[in-house]
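Asks: Please find one structure pasted underneath; my questions will follow.
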Amino acid sequence: MNNLNVAKIQLNGDSYEINRGTNINELLNKLQIHTNKVAVEVNGEIVEKNKYPNLILNNDDKVEIVHFIGGG
Amino acid sequence: MKDTFIIANKKFNSRLIVGTGKYKNFEETAEAVKASGADIVTVAVRRVNILDKNQPLLMDYLDSKTITYLPNTAGCYSSEEALRTLRLAREMGGWRLVKLEVLGDKKTLYPNMIETIKSTEVLVKEGFEVMVYCTDDPTITKKLEDVGACAIMPLGSPIGSGIGIQNKKKISIIKEQSSVPVIVDAGVGTASDATIAMELGCDGVLLNTAIAEAKRPILMAESMKFAVLSGRKAFLAGRMKKRKFASASSPEENLI
């Protein structure tokens, strides 16, 4: 049985469960990630920071959270 | 003597740009950047490790307010991947000055110039200032300039090879014909290589492995700072003419 209160998303390539109705801000909070140090993409589209509170994640959404690391 | 380094209308103090990859840890990265005197560093865009919440972040060690972050597309093999990476980088903090690198081959890490030119065109239209890693073909670098690259960055030899500037004549030709800064990107192995690039008249040098893989990275970082300064000053001073035979330094008259 699927839990109706849970949505399954793909987060950085792995399966991840969130509460239904979770927005990007809430997801980042839960992951303890500062919004100003990352960029977020949902289903291949970059999400502007001011849209984080309004974008609700749904089942099967593909979410990518990236940041800067050392590189040449 | 005033000698300003300008990229995309922005003034920089150091003509040395350093990468932040391959270091032992972020402490070493930060120390090396400081010792190098660089005020631009290249950085990569990668997935956040969701599982490890205490993972240190590069941005906690290198202040992006005092050091210019130059997001790079290293690891991208197509225009789509490169564009996606730089758009994400811009969203992260408004970075418009970026380094474009579209690779063509895993073994040589030579750039795919067809994809690179295509990507440069798109990025310029989207308002990015694009510094472009490229081959040392003057017709290609001309094309990059035509489509709006703000800096031309030909390789001196393959990325991470450390075998120095293998294409002095071509780099000189590129420098002579370009009206945007020319920065040697890749190939520098030790201080003299960086000096040679600058003596050729290049506007700057970009390197990473030469410092990160030195036995004492911090000391090498400092050495590179002086190497670039030294080469630049030698270029501005204008070297003497070469002669086939000797020319005595002491006067030959009034010998005792």
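Starting from 1 in every chain, residues are counted up; chains themselves are A, B, ... following the order of the structure tokens, and ligands are numbered from 1 as listed.
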Could you work out which residues of chain A fall inside 9 Å of chain B? Count only C-alpha atoms, and format the result as number ranges by chain.
Replies: A: 11-12, 31-33, 35-41, 44, 46-49, 64-72
Asks: Find the residues around Leu100 of chain B up to 9 Å (only C-alpha atoms counted), leave out those fewer than 5 positions away in its own chain, and share them as a ChimeraX atom specification.
Replies: /B:71-74,82-83,86,116,119-120,130-134
Asks: Take the residues that were just selected and, keeping C-alpha atoms, output them as a PDB file, in the first residue's frame.
Replies:
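Contents of part-v7.pdb, freshly written:
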```
ATOM      1  CA  PRO B  71      32.530  28.376 -12.372  1.00  0.00           C
ATOM      2  CA  ASN B  72      33.933  25.829 -14.777  1.00  0.00           C
ATOM      3  CA  THR B  73      32.332  23.124 -16.889  1.00  0.00           C
ATOM      4  CA  ALA B  74      35.154  20.594 -16.484  1.00  0.00           C
ATOM      5  CA  ALA B  82      28.037  22.663 -20.234  1.00  0.00           C
ATOM      6  CA  LEU B  83      25.102  25.058 -20.606  1.00  0.00           C
ATOM      7  CA  LEU B  86      26.755  27.227 -16.059  1.00  0.00           C
ATOM      8  CA  THR B 116      32.660  24.842 -27.550  1.00  0.00           C
ATOM      9  CA  SER B 119      28.080  26.868 -26.433  1.00  0.00           C
ATOM     10  CA  THR B 120      29.962  30.177 -26.400  1.00  0.00           C
ATOM     11  CA  VAL B 130      32.703  33.523 -21.224  1.00  0.00           C
ATOM     12  CA  MET B 131      36.364  32.621 -20.797  1.00  0.00           C
ATOM     13  CA  VAL B 132      36.979  29.747 -23.165  1.00  0.00           C
ATOM     14  CA  TYR B 133      39.355  26.793 -22.844  1.00  0.00           C
ATOM     15  CA  CYS B 134      40.386  25.976 -26.399  1.00  0.00           C
TER      16      CYS B 134
END
```
Asks: Write out as an MDAnalysis selection string which residues come within 12 Å of Ala197 of chain B when counting only C-alpha atoms, dropping same-chain ones fewer than 6 positions away.
Replies: chainID B and resid 15:16 153:157 164:172 175 182:191 203:207 224 227:232 234:235
Asks: Give the strand (DSSP E or B) residues of chain A, as DSSP finds them on the backbone, and put them as an NGL selection string.
Replies: :A and (6-11 or 14-19 or 23 or 39-42 or 45-47 or 56 or 62-70)
Asks: What does the structure give for the distance between atom CA of Thr68 of chain B and atom CA of Phe128 of chain B, in Å to one decimal?
Replies: 14.9 Å
Asks: So how far away is atom CA of Ile152 of chain B from atom CA of Ile40 of chain B, in Å?
Replies: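 Atom CA of Ile152 of chain B lies 15.7 Å from atom CA of Ile40 of chain B.
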Asks: Given the choices A:Ile9, A:Leu4, A:Leu27, A:Ile18, which gets closest to Val63 of chain A if the distance is worked out from only C-alpha atoms?
Replies: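 Among the listed residues, the smallest separation from Val63 of chain A belongs to A:Ile9.
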Asks: Grab the atom CA of Ala246 of chain B to atom CA of Asp193 of chain B distance for me, in Å with one decimal place.
Replies: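 About the pair atom CA of Ala246 of chain B and atom CA of Asp193 of chain B: they are 26.7 Å apart.
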